[in-house]
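Student: I'd like to ask some things about the structure below.
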Amino acid sequence: MGKKPFIVGNWKMNLTLMEGMEFAKSLRNVVCDESEIICGICPPIVFLKDICRVLEGCGIFVAAQNIHSEKTGAYTGEISASMVKEVGCTHVLLGHSERRHIFHETDSFINAKIKAALSVNLKPIFCVGETLDNREDERTEYVIRNQLKEGLHGISAGHIKELVIAYEPVWAIGTGKTALPEQANEVHSFIRSTITDGYGKDIANSVYILYGGSVKPENAKELMAQPEIDGLLVGGASIKFESFLKIIETAAKY
Ligand code: 13P
């Protein structure tokens with residue numbers, strides 16, 4: 001498809017500020033001005049400002065792991081889209097399965113968050129994915145179609161182009177079980193055809209669709225070799241610099 005590989009590290013609730021800063025400096029040294037890939041990291045919220053400073057002016061983007069849908073107000077403990085934008089983030093993860101399942105975020109709340117992000121020009125990395133039960137009940141496509149339909153409700157074609165979609169099968173996250181590359185490719189293809197139905201082929205082809213779920217240096221190659229996989233959203237293997245770098249180097253070949 002002629003797109004640059006797109007690699008994102010989601011640190012989740014890991015690392016100290018010092019470790020995060022060291023990581024960002026090391027990443028800057030090796031990936032800066034790297035034109036072969038698009039690369040970003042998602043540090044914990046309280047590290048964002050410092051990490052954005054380290055990566056300022058270099059090609060690596062910084063994403064928040066979450067935002068609230070409201071612009072301002074009495075939402076103790078929450079952070080708005082414009083706040084993370086102000087400290088230098090360009091992207092935000094939304095609809096992550098840990099937010100959906102542990103924090104009970106609904107499709108309509110995620111939809112409101114996507115709209116809040118887009119309203120300040122913050123690019124959403126919108127995660128979708130089925131549970132093991134869904135897959136065993138052969139409801140994978142139904143669940144994902146629904147997550148896309150509800151999550152993207154009321155969003156214009158122009159804004160869809162700004163989105164990155166991440167397919168993260170819940171059963172593959174943090175379990176060591178990766179989806180078979182062909183299995184992941186099949187769902188990516190389904191996601192792209194759903195976007196085609198709603199917004200047309202050109203937009204669907206331009207949207208990045210990433211795979212996430214137990215991505216490691218050992219399986220990055222076979223995942224990236226799939227035609228519908230445009231990049232990777234890496235959890236556990238992104239908190240160790242060496243393994244994240246190996247994944248980046250592997251992906252850069254595609
Ligand atoms: P793991 O790579 O640890 O399975 O996590 C995937 C993920 O949730 C990335 O957002």
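Identifiers in the structure tokens: chain A, B, ... in order shown; residue index from 1 per chain; ligand index from 1 in order shown.
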Within 7 Å of Glu168 of chain A, counting only C-alpha atoms, which residues qualify if same-chain residues fewer than 3 places away don't, as a ChimeraX atom specification?
Tutor: /A:127-129,211-213
Student: Find the spatial neighbours of Phe6 of chain A, counting only C-alpha atoms, within a cut-off of 7 Å - ignore same-chain residues fewer than 6 positions away - and output them as a list in words.
Tutor: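 Counting only C-alpha atoms, the residues come to Ile37, Ile38, Cys39, Asp230, Gly231 and Leu232 of chain A.
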Student: For those residues, write C-alpha atoms to a file as a short mmCIF file (atom, residue, chain, number, x, y, z; two decimals), in the first residue's frame.
Tutor:
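Once everything was written out, this is again.cif:
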data_model
loop_
_atom_site.label_atom_id
_atom_site.label_comp_id
_atom_site.auth_asym_id
_atom_site.auth_seq_id
_atom_site.Cartn_x
_atom_site.Cartn_y
_atom_site.Cartn_z
CA ILE A 37 8.88 4.62 9.77
CA ILE A 38 6.35 6.52 11.82
CA CYS A 39 7.07 5.88 15.50
CA ASP A 230 0.21 -1.29 8.45
CA GLY A 231 1.96 -1.27 11.80
CA LEU A 232 2.09 -2.52 15.37
#
Student: Which chain A residues have any atom within 7 Å of an atom of ligand 1, and for each, what is the nearest pair of atoms with distance in Å to one decimal, counting only C-alpha atoms and all ligand atoms, rows sorted by chain and number, as a Markdown table?
Tutor:
| residue | atom | partner | partner_atom_place_in_ligand_line | distance |
| --- | --- | --- | --- | --- |
| A:Asn10 | CA | ligand 1 | 10 (O) | 5.2 |
| A:His96 | CA | ligand 1 | 10 (O) | 6.7 |
| A:Glu168 | CA | ligand 1 | 8 (O) | 6.8 |
| A:Ala172 | CA | ligand 1 | 4 (O) | 6.0 |
| A:Ile173 | CA | ligand 1 | 4 (O) | 3.4 |
| A:Gly174 | CA | ligand 1 | 4 (O) | 3.5 |
| A:Thr175 | CA | ligand 1 | 4 (O) | 6.2 |
| A:Gly176 | CA | ligand 1 | 4 (O) | 6.6 |
| A:Gly212 | CA | ligand 1 | 6 (C) | 5.0 |
| A:Gly213 | CA | ligand 1 | 4 (O) | 3.9 |
| A:Ser214 | CA | ligand 1 | 4 (O) | 3.5 |
| A:Val215 | CA | ligand 1 | 2 (O) | 5.0 |
| A:Leu233 | CA | ligand 1 | 9 (C) | 5.1 |
| A:Val234 | CA | ligand 1 | 2 (O) | 4.5 |
| A:Gly235 | CA | ligand 1 | 2 (O) | 3.4 |
| A:Gly236 | CA | ligand 1 | 3 (O) | 3.7 |
| A:Ala237 | CA | ligand 1 | 2 (O) | 6.0 |
Student: Could you turn the residues from that selection into a file that holds N, CA, C and O atoms, as a short mmCIF file (atom, residue, chain, number, x, y, z; two decimals), in the first residue's frame?
Tutor:
data_model
loop_
_atom_site.label_atom_id
_atom_site.label_comp_id
_atom_site.auth_asym_id
_atom_site.auth_seq_id
_atom_site.Cartn_x
_atom_site.Cartn_y
_atom_site.Cartn_z
N ASN A 10 3.01 1.28 23.79
CA ASN A 10 2.10 1.67 24.87
C ASN A 10 2.70 1.18 26.19
O ASN A 10 2.67 -0.02 26.47
N HIS A 96 -9.03 1.57 24.21
CA HIS A 96 -8.18 0.43 24.55
C HIS A 96 -9.00 -0.58 25.36
O HIS A 96 -9.81 -0.20 26.20
N GLU A 168 -6.84 -4.94 18.39
CA GLU A 168 -6.20 -5.63 19.50
C GLU A 168 -7.15 -6.69 20.05
O GLU A 168 -8.03 -6.38 20.87
N ALA A 172 -5.38 -11.72 23.15
CA ALA A 172 -3.95 -11.74 22.81
C ALA A 172 -3.16 -10.68 23.59
O ALA A 172 -1.95 -10.59 23.47
N ILE A 173 -3.86 -9.86 24.39
CA ILE A 173 -3.17 -8.77 25.08
C ILE A 173 -2.56 -9.25 26.39
O ILE A 173 -3.27 -9.73 27.26
N GLY A 174 -1.25 -9.15 26.46
CA GLY A 174 -0.54 -9.50 27.69
C GLY A 174 -0.59 -10.98 28.03
O GLY A 174 -0.24 -11.38 29.13
N THR A 175 -1.01 -11.80 27.08
CA THR A 175 -1.17 -13.23 27.36
C THR A 175 -0.06 -14.05 26.75
O THR A 175 0.06 -15.25 27.02
N GLY A 176 0.73 -13.44 25.87
CA GLY A 176 1.75 -14.19 25.16
C GLY A 176 1.16 -14.90 23.94
O GLY A 176 1.88 -15.43 23.12
N GLY A 212 -2.19 -5.13 17.52
CA GLY A 212 -1.61 -5.16 18.86
C GLY A 212 -2.06 -6.40 19.61
O GLY A 212 -3.19 -6.87 19.45
N GLY A 213 -1.17 -6.95 20.43
CA GLY A 213 -1.49 -8.15 21.22
C GLY A 213 -0.31 -9.09 21.19
O GLY A 213 -0.09 -9.80 20.22
N SER A 214 0.52 -9.01 22.28
CA SER A 214 1.70 -9.87 22.41
C SER A 214 2.66 -9.75 21.22
O SER A 214 3.25 -10.75 20.78
N VAL A 215 2.82 -8.52 20.70
CA VAL A 215 3.84 -8.31 19.66
C VAL A 215 5.21 -8.35 20.33
O VAL A 215 5.41 -7.75 21.39
N LEU A 233 1.02 -2.03 17.48
CA LEU A 233 0.84 -1.35 18.76
C LEU A 233 1.37 -2.32 19.83
O LEU A 233 0.79 -3.38 20.04
N VAL A 234 2.47 -1.93 20.44
CA VAL A 234 3.23 -2.86 21.27
C VAL A 234 3.06 -2.51 22.74
O VAL A 234 3.25 -1.35 23.11
N GLY A 235 2.72 -3.48 23.57
CA GLY A 235 2.59 -3.24 25.00
C GLY A 235 3.87 -3.65 25.72
O GLY A 235 4.87 -2.93 25.74
N GLY A 236 3.84 -4.85 26.31
CA GLY A 236 4.95 -5.34 27.13
C GLY A 236 6.33 -5.19 26.50
O GLY A 236 7.29 -4.81 27.18
N ALA A 237 6.43 -5.48 25.23
CA ALA A 237 7.75 -5.43 24.58
C ALA A 237 8.19 -3.99 24.26
O ALA A 237 9.29 -3.79 23.75
#
Student: From a DSSP pass on the backbone, collect the residues of segment 12-241 of chain A flagged as helix (DSSP H, G or I) and hand them back as a ChimeraX atom specification.
Tutor: /A:17-31,45-55,81-86,97-101,107-119,132-136,140-151,157-160,170-172,181-199,201-206,220-224,236-238,241
Student: Rounded to one decimal place, report the atom CA of Arg139 of chain A-atom CA of Val170 of chain A distance in Å.
Tutor: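 Atom-to-atom, atom CA of Arg139 of chain A and atom CA of Val170 of chain A are spaced 13.4 Å apart.
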Student: Name all residues at most 7 Å from Ala64 of chain A (count only C-alpha atoms; drop same-chain ones fewer than 6 positions away) and give them as an MDAnalysis selection string.
Tutor: chainID A and resid 42:43 45 84 89 91:93
Student: Tell me, as a list in words, which residues lie within 8 Å of Lys71 of chain A, counting only C-alpha atoms; anything in the same chain fewer than 6 positions away does not count.
Tutor: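 Everything that qualifies: Ser80, Ala81, Ser82 and Ala116 of chain A.
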Student: Could you dump the residues just selected with N, CA, C and O atoms as an mmCIF file, in the first residue's frame?
Tutor:
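Everything below was put into selection-v3.cif:
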data_model
loop_
_atom_site.group_PDB
_atom_site.id
_atom_site.type_symbol
_atom_site.label_atom_id
_atom_site.label_comp_id
_atom_site.auth_asym_id
_atom_site.auth_seq_id
_atom_site.Cartn_x
_atom_site.Cartn_y
_atom_site.Cartn_z
ATOM 1 N N SER A 80 -8.147 16.632 29.911
ATOM 2 C CA SER A 80 -8.849 16.910 28.651
ATOM 3 C C SER A 80 -7.915 16.787 27.455
ATOM 4 O O SER A 80 -6.686 16.799 27.591
ATOM 5 N N ALA A 81 -8.533 16.737 26.276
ATOM 6 C CA ALA A 81 -7.772 16.661 25.023
ATOM 7 C C ALA A 81 -6.835 17.856 24.888
ATOM 8 O O ALA A 81 -5.658 17.704 24.521
ATOM 9 N N SER A 82 -7.338 19.065 25.200
ATOM 10 C CA SER A 82 -6.490 20.245 25.007
ATOM 11 C C SER A 82 -5.317 20.260 25.995
ATOM 12 O O SER A 82 -4.256 20.803 25.694
ATOM 13 N N ALA A 116 -13.802 14.648 20.933
ATOM 14 C CA ALA A 116 -13.068 15.661 21.715
ATOM 15 C C ALA A 116 -11.630 15.770 21.211
ATOM 16 O O ALA A 116 -11.088 16.879 21.064
#
Student: Can you work out which one of A:Val87, A:Val54, A:Ile160, A:Ile209 has the shortest atom-to-atom distance to Lys123 of chain A, counting only C-alpha atoms?
Tutor: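 Answer, going by the shortest atom-to-atom distance: A:Ile160.
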Student: Would you mind listing what lies within 10 Å of Ala184 of chain A as a ChimeraX atom specification, with only C-alpha atoms counted and same-chain residues fewer than 2 positions away left out?
Tutor: /A:167-169,178-182,186-190,210-212,223,226,228-229
Student: May I ask which of the residues A:Ile239, A:Val30, A:Ile155, A:Ala74 is the closest one to Lys115 of chain A, counting only C-alpha atoms?
Tutor: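 Of A:Ile239, A:Val30, A:Ile155, A:Ala74, the one nearest Lys115 of chain A, counting only C-alpha atoms, is A:Ile155.
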Student: Taking the DSSP secondary structure from the backbone, can you list the residues of segment 24-231 of chain A that are strand (DSSP E), as a VMD selection string?
Tutor: chain A and resid 38 to 42 61 to 64 91 to 94 123 to 128 164 to 167 208 to 212 231
Student: How about saving the chosen residues, N, CA and C atoms kept, as a PDB file, in the first residue's frame?
Tutor:
ATOM      1  N   ILE A  38       6.994   5.570  10.916  1.00  0.00           N
ATOM      2  CA  ILE A  38       6.346   6.520  11.822  1.00  0.00           C
ATOM      3  C   ILE A  38       6.371   5.829  13.179  1.00  0.00           C
ATOM      4  N   CYS A  39       6.874   6.527  14.198  1.00  0.00           N
ATOM      5  CA  CYS A  39       7.066   5.884  15.500  1.00  0.00           C
ATOM      6  C   CYS A  39       6.570   6.794  16.621  1.00  0.00           C
ATOM      7  N   GLY A  40       5.921   6.194  17.594  1.00  0.00           N
ATOM      8  CA  GLY A  40       5.452   6.984  18.738  1.00  0.00           C
ATOM      9  C   GLY A  40       5.428   6.160  20.008  1.00  0.00           C
ATOM     10  N   ILE A  41       5.371   6.858  21.140  1.00  0.00           N
ATOM     11  CA  ILE A  41       5.250   6.171  22.428  1.00  0.00           C
ATOM     12  C   ILE A  41       4.112   6.794  23.245  1.00  0.00           C
ATOM     13  N   CYS A  42       3.542   5.961  24.110  1.00  0.00           N
ATOM     14  CA  CYS A  42       2.437   6.402  24.970  1.00  0.00           C
ATOM     15  C   CYS A  42       2.868   6.253  26.421  1.00  0.00           C
ATOM     16  N   PHE A  61       6.533  10.722  17.752  1.00  0.00           N
ATOM     17  CA  PHE A  61       5.413  11.413  18.391  1.00  0.00           C
ATOM     18  C   PHE A  61       5.134  10.835  19.781  1.00  0.00           C
ATOM     19  N   VAL A  62       4.437  11.640  20.573  1.00  0.00           N
ATOM     20  CA  VAL A  62       4.047  11.204  21.921  1.00  0.00           C
ATOM     21  C   VAL A  62       2.520  11.197  21.985  1.00  0.00           C
ATOM     22  N   ALA A  63       1.996  10.098  22.507  1.00  0.00           N
ATOM     23  CA  ALA A  63       0.535   9.961  22.633  1.00  0.00           C
ATOM     24  C   ALA A  63       0.164   9.796  24.093  1.00  0.00           C
ATOM     25  N   ALA A  64      -0.980  10.369  24.462  1.00  0.00           N
ATOM     26  CA  ALA A  64      -1.526  10.113  25.798  1.00  0.00           C
ATOM     27  C   ALA A  64      -2.223   8.753  25.758  1.00  0.00           C
ATOM     28  N   HIS A  91      -1.086  12.594  19.541  1.00  0.00           N
ATOM     29  CA  HIS A  91      -1.995  11.454  19.411  1.00  0.00           C
ATOM     30  C   HIS A  91      -2.552  11.077  20.787  1.00  0.00           C
ATOM     31  N   VAL A  92      -3.611  10.275  20.761  1.00  0.00           N
ATOM     32  CA  VAL A  92      -4.146   9.725  22.022  1.00  0.00           C
ATOM     33  C   VAL A  92      -4.738   8.341  21.740  1.00  0.00           C
ATOM     34  N   LEU A  93      -4.462   7.408  22.645  1.00  0.00           N
ATOM     35  CA  LEU A  93      -5.066   6.068  22.551  1.00  0.00           C
ATOM     36  C   LEU A  93      -6.491   6.159  23.061  1.00  0.00           C
ATOM     37  N   LEU A  94      -7.434   5.628  22.316  1.00  0.00           N
ATOM     38  CA  LEU A  94      -8.820   5.632  22.786  1.00  0.00           C
ATOM     39  C   LEU A  94      -9.469   4.287  22.507  1.00  0.00           C
ATOM     40  N   LYS A 123      -4.758  13.346  17.233  1.00  0.00           N
ATOM     41  CA  LYS A 123      -5.143  12.186  16.421  1.00  0.00           C
ATOM     42  C   LYS A 123      -5.443  10.958  17.300  1.00  0.00           C
ATOM     43  N   PRO A 124      -6.655  10.416  17.177  1.00  0.00           N
ATOM     44  CA  PRO A 124      -6.981   9.236  17.971  1.00  0.00           C
ATOM     45  C   PRO A 124      -6.356   7.959  17.387  1.00  0.00           C
ATOM     46  N   ILE A 125      -5.841   7.124  18.258  1.00  0.00           N
ATOM     47  CA  ILE A 125      -5.482   5.752  17.878  1.00  0.00           C
ATOM     48  C   ILE A 125      -6.598   4.919  18.497  1.00  0.00           C
ATOM     49  N   PHE A 126      -7.535   4.569  17.672  1.00  0.00           N
ATOM     50  CA  PHE A 126      -8.811   4.001  18.123  1.00  0.00           C
ATOM     51  C   PHE A 126      -8.715   2.468  18.120  1.00  0.00           C
ATOM     52  N   CYS A 127      -8.817   1.877  19.327  1.00  0.00           N
ATOM     53  CA  CYS A 127      -8.623   0.427  19.459  1.00  0.00           C
ATOM     54  C   CYS A 127      -9.953  -0.321  19.443  1.00  0.00           C
ATOM     55  N   VAL A 128      -9.958  -1.397  18.723  1.00  0.00           N
ATOM     56  CA  VAL A 128     -11.112  -2.304  18.698  1.00  0.00           C
ATOM     57  C   VAL A 128     -10.597  -3.728  18.870  1.00  0.00           C
ATOM     58  N   VAL A 164      -6.097   6.635  13.409  1.00  0.00           N
ATOM     59  CA  VAL A 164      -5.357   5.385  13.274  1.00  0.00           C
ATOM     60  C   VAL A 164      -6.247   4.357  13.971  1.00  0.00           C
ATOM     61  N   ILE A 165      -6.433   3.203  13.371  1.00  0.00           N
ATOM     62  CA  ILE A 165      -7.230   2.156  14.020  1.00  0.00           C
ATOM     63  C   ILE A 165      -6.276   1.057  14.473  1.00  0.00           C
ATOM     64  N   ALA A 166      -6.503   0.546  15.672  1.00  0.00           N
ATOM     65  CA  ALA A 166      -5.677  -0.567  16.147  1.00  0.00           C
ATOM     66  C   ALA A 166      -6.582  -1.753  16.441  1.00  0.00           C
ATOM     67  N   TYR A 167      -6.257  -2.870  15.815  1.00  0.00           N
ATOM     68  CA  TYR A 167      -6.972  -4.111  16.118  1.00  0.00           C
ATOM     69  C   TYR A 167      -6.199  -4.844  17.209  1.00  0.00           C
ATOM     70  N   TYR A 208      -4.484   4.032   8.596  1.00  0.00           N
ATOM     71  CA  TYR A 208      -3.551   3.052   9.141  1.00  0.00           C
ATOM     72  C   TYR A 208      -4.310   2.089  10.040  1.00  0.00           C
ATOM     73  N   ILE A 209      -4.062   0.788   9.858  1.00  0.00           N
ATOM     74  CA  ILE A 209      -4.633  -0.209  10.764  1.00  0.00           C
ATOM     75  C   ILE A 209      -3.471  -0.995  11.381  1.00  0.00           C
ATOM     76  N   LEU A 210      -3.336  -0.840  12.698  1.00  0.00           N
ATOM     77  CA  LEU A 210      -2.230  -1.470  13.430  1.00  0.00           C
ATOM     78  C   LEU A 210      -2.715  -2.747  14.104  1.00  0.00           C
ATOM     79  N   TYR A 211      -1.803  -3.675  14.305  1.00  0.00           N
ATOM     80  CA  TYR A 211      -2.125  -4.866  15.102  1.00  0.00           C
ATOM     81  C   TYR A 211      -1.464  -4.734  16.475  1.00  0.00           C
ATOM     82  N   GLY A 212      -2.188  -5.131  17.519  1.00  0.00           N
ATOM     83  CA  GLY A 212      -1.608  -5.159  18.865  1.00  0.00           C
ATOM     84  C   GLY A 212      -2.060  -6.400  19.613  1.00  0.00           C
ATOM     85  N   GLY A 231       1.060  -1.596  10.696  1.00  0.00           N
ATOM     86  CA  GLY A 231       1.956  -1.266  11.802  1.00  0.00           C
ATOM     87  C   GLY A 231       1.579  -2.040  13.041  1.00  0.00           C
TER      88      GLY A 231
END
Student: Quick one: everything within 10 Å of Asn134 of chain A, counting only C-alpha atoms, minus sequence neighbours fewer than 6 positions away in the same chain. Send it as an MDAnalysis selection string.
Tutor: chainID A and resid 140:144 169:171
Student: Identify, on the basis of only C-alpha atoms, every residue whose closest approach to Ser26 of chain A does not exceed 12 Å; exclude the query and any residue fewer than 4 positions from it along the same chain; express the result as a list in words.
Tutor: Glu19, Gly20, Met21, Glu22, Val30, Val31, Cys32, Ile51, Val54, Leu55, Ile60, Lys240, Phe241, Glu242, Phe244 and Leu245 of chain A
Student: Can you write just those residues out, all heavy atoms, as a CSV table (one decimal), in the first residue's frame?
Tutor:
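Wrote it out as selection04.csv, contents follow:
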chain,number,residue,atom,x,y,z
A,19,GLU,N,13.5,6.3,34.1
A,19,GLU,CA,13.6,5.2,33.1
A,19,GLU,C,12.9,5.7,31.8
A,19,GLU,O,13.5,5.5,30.7
A,19,GLU,CB,12.9,4.0,33.6
A,19,GLU,CG,13.6,3.2,34.7
A,19,GLU,CD,12.8,2.2,35.4
A,19,GLU,OE1,11.5,2.2,35.3
A,19,GLU,OE2,13.4,1.3,36.1
A,20,GLY,N,11.8,6.4,31.9
A,20,GLY,CA,11.1,6.8,30.7
A,20,GLY,C,11.9,7.9,29.9
A,20,GLY,O,12.0,7.8,28.7
A,21,MET,N,12.6,8.8,30.7
A,21,MET,CA,13.4,9.8,30.1
A,21,MET,C,14.6,9.2,29.4
A,21,MET,O,15.0,9.5,28.3
A,21,MET,CB,13.9,10.8,31.1
A,21,MET,CG,12.9,11.5,31.8
A,21,MET,SD,12.2,12.8,30.7
A,21,MET,CE,13.4,14.1,31.0
A,22,GLU,N,15.3,8.2,30.0
A,22,GLU,CA,16.4,7.5,29.4
A,22,GLU,C,16.0,6.8,28.1
A,22,GLU,O,16.7,6.8,27.1
A,22,GLU,CB,17.0,6.4,30.4
A,22,GLU,CG,17.8,7.0,31.5
A,22,GLU,CD,18.9,8.0,31.0
A,22,GLU,OE1,19.6,7.6,30.1
A,22,GLU,OE2,18.9,9.2,31.5
A,30,VAL,N,18.5,7.0,18.1
A,30,VAL,CA,18.5,6.0,17.0
A,30,VAL,C,17.4,6.2,16.0
A,30,VAL,O,17.5,5.9,14.8
A,30,VAL,CB,18.4,4.5,17.5
A,30,VAL,CG1,19.7,4.1,18.1
A,30,VAL,CG2,17.2,4.3,18.4
A,31,VAL,N,16.2,6.8,16.4
A,31,VAL,CA,15.1,6.9,15.5
A,31,VAL,C,15.0,8.3,14.9
A,31,VAL,O,14.3,8.5,13.9
A,31,VAL,CB,13.8,6.4,16.1
A,31,VAL,CG1,12.7,6.4,15.1
A,31,VAL,CG2,13.9,5.0,16.6
A,32,CYS,N,15.6,9.3,15.5
A,32,CYS,CA,15.4,10.6,15.1
A,32,CYS,C,15.7,10.8,13.6
A,32,CYS,O,16.7,10.2,13.1
A,32,CYS,CB,16.2,11.6,15.9
A,32,CYS,SG,15.2,13.0,16.3
A,51,ILE,N,8.7,14.0,28.6
A,51,ILE,CA,9.0,13.1,27.5
A,51,ILE,C,8.8,13.9,26.2
A,51,ILE,O,9.6,13.8,25.2
A,51,ILE,CB,8.2,11.8,27.5
A,51,ILE,CG1,8.5,11.1,28.8
A,51,ILE,CG2,8.5,11.0,26.2
A,51,ILE,CD1,9.2,9.8,28.8
A,54,VAL,N,11.9,16.0,25.6
A,54,VAL,CA,13.0,15.2,25.1
A,54,VAL,C,12.9,14.9,23.6
A,54,VAL,O,13.9,14.9,22.8
A,54,VAL,CB,13.2,13.8,25.9
A,54,VAL,CG1,14.2,12.9,25.2
A,54,VAL,CG2,13.5,14.1,27.3
A,55,LEU,N,11.7,14.7,23.2
A,55,LEU,CA,11.5,14.3,21.8
A,55,LEU,C,11.1,15.4,20.9
A,55,LEU,O,10.8,15.2,19.7
A,55,LEU,CB,10.4,13.2,21.7
A,55,LEU,CG,10.8,11.9,22.4
A,55,LEU,CD1,9.6,10.9,22.4
A,55,LEU,CD2,12.0,11.2,21.8
A,60,ILE,N,9.6,11.5,16.4
A,60,ILE,CA,8.9,10.5,17.2
A,60,ILE,C,7.7,11.3,17.9
A,60,ILE,O,7.9,12.3,18.5
A,60,ILE,CB,9.8,9.9,18.2
A,60,ILE,CG1,11.0,9.2,17.6
A,60,ILE,CG2,9.1,8.9,19.1
A,60,ILE,CD1,12.2,9.0,18.5
A,240,LYS,N,10.9,-2.2,27.2
A,240,LYS,CA,12.3,-2.5,27.2
A,240,LYS,C,12.9,-1.9,25.9
A,240,LYS,O,12.4,-2.3,24.8
A,240,LYS,CB,12.6,-4.0,27.3
A,240,LYS,CG,12.3,-4.6,28.7
A,240,LYS,CD,13.1,-5.9,28.9
A,240,LYS,CE,12.8,-6.4,30.3
A,240,LYS,NZ,11.5,-7.0,30.4
A,241,PHE,N,13.8,-1.0,26.1
A,241,PHE,CA,14.3,-0.3,24.9
A,241,PHE,C,14.8,-1.3,23.8
A,241,PHE,O,14.5,-1.1,22.6
A,241,PHE,CB,15.4,0.7,25.3
A,241,PHE,CG,15.9,1.4,24.1
A,241,PHE,CD1,15.1,2.3,23.4
A,241,PHE,CD2,17.2,1.1,23.6
A,241,PHE,CE1,15.6,3.0,22.3
A,241,PHE,CE2,17.7,1.8,22.5
A,241,PHE,CZ,16.9,2.7,21.8
A,242,GLU,N,15.6,-2.3,24.2
A,242,GLU,CA,16.2,-3.2,23.2
A,242,GLU,C,15.1,-3.9,22.4
A,242,GLU,O,15.2,-4.1,21.2
A,242,GLU,CB,17.1,-4.2,23.9
A,242,GLU,CG,18.4,-3.6,24.5
A,242,GLU,CD,19.1,-2.8,23.4
A,242,GLU,OE1,19.2,-3.2,22.3
A,242,GLU,OE2,19.7,-1.7,23.8
A,244,PHE,N,12.0,-3.0,21.9
A,244,PHE,CA,11.2,-2.1,21.1
A,244,PHE,C,12.0,-1.7,19.9
A,244,PHE,O,11.5,-1.6,18.8
A,244,PHE,CB,10.8,-0.8,22.0
A,244,PHE,CG,9.8,0.1,21.3
A,244,PHE,CD1,8.6,-0.4,20.8
A,244,PHE,CD2,10.1,1.4,21.2
A,244,PHE,CE1,7.7,0.4,20.2
A,244,PHE,CE2,9.1,2.3,20.6
A,244,PHE,CZ,7.9,1.8,20.1
A,245,LEU,N,13.3,-1.5,20.1
A,245,LEU,CA,14.2,-1.1,19.0
A,245,LEU,C,14.2,-2.2,17.9
A,245,LEU,O,14.1,-2.0,16.7
A,245,LEU,CB,15.6,-0.8,19.5
A,245,LEU,CG,16.6,-0.4,18.4
A,245,LEU,CD1,16.1,0.9,17.7
A,245,LEU,CD2,18.0,-0.2,19.0
Student: Looking at only C-alpha atoms, which of A:Gln183, A:Glu86, A:Ser35, A:Ile102 is the one that sits closest to Pro5 of chain A?
Tutor: A:Ser35
